[in-house]
Amino acid sequence: MSVAEDITRIAEQEKALVLKRFDESDAWRLGSWLHTAAEERGHGIVIDIRRPGPHAHQLFYAAMAGTTPDNPEWVRRKSNVALRFHRSSYAIGLEMQEKKSNLTERYGLPLIDYATHGGSVPVRIEGAGVVAAVTVSGLPMREDHELAIEGLCELAGIDFASVKLA
């Protein structure tokens, strides 16, 4: 699939994945589902679900076997992108690639705090907008993105096959 096709498909994913509600219990269900799925698939990942704000209130966090101390930094940087732009970090990264630019050149953002790699997806609720970000780190970036999307589909009761990237 081309970069342009992925960008279009991710926009469709984000439009389809608007929840009716999202609270601490939903964050626990989402994080637990991601943890179980990763365990069953043999993935060593970090899972993070956080609310926006200067001190990023964490609602769920798990670091699985096989992760490194660098994974939490990737989580922080990717979630900063999703929470700032209200778009998935993968979509922003693909757009930067398409424009042959980066967040520093385009927006003056330091790359030490922002990463446009796949894996962080904004959590939207109907009538309120973005209320959190779910972030996965430890797989190739497209797979990180898709696992986060698959978890949100599970929470929303949407068939993942109907929205996944080609």
# chains A, B, ... in the order shown; residues from 1 in each chain; ligands from 1
call {"tool": "residues_around", "arguments": {"residues": "Pro54 (chain A)", "least_positions_apart": "2", "cutoff": "12 Å", "atoms": "only C-alpha atoms", "output": "MDAnalysis selection string"}}
result
chainID A and resid 50:52 56:58 76 80 83:84
call {"tool": "residues_around", "arguments": {"residues": "Gln97 (chain A)", "least_positions_apart": "6", "cutoff": "10 Å", "atoms": "only C-alpha atoms", "output": "count of residues only"}}
result
3
call {"tool": "closest_residue", "arguments": {"among": "A:Gly138, A:Asn102, A:His145, A:Leu94", "to": "Ser2 (chain A)", "atoms": "only C-alpha atoms"}}
result
A:Leu94
call {"tool": "select_by_dssp", "arguments": {"residues": "chain A", "states": "helix (DSSP H, G or I)", "output": "PyMOL selection string"}}
result
chain A and resi 3-16+24-41+71-85+89-98+103-107+141-156+160-162
call {"tool": "closest_residue", "arguments": {"among": "A:Pro69, A:Gly129, A:Pro110, A:Gly119", "to": "His86 (chain A)", "atoms": "only C-alpha atoms"}}
result
A:Gly129
call {"tool": "atom_distance", "arguments": {"atom1": "CA of Arg21 (chain A)", "atom2": "CA of Pro140 (chain A)"}}
result
29.7 Å
call {"tool": "closest_residue", "arguments": {"among": "A:Ala4, A:Glu14, A:Tyr107, A:Ile47", "to": "Lys164 (chain A)", "atoms": "only C-alpha atoms"}}
result
A:Glu14
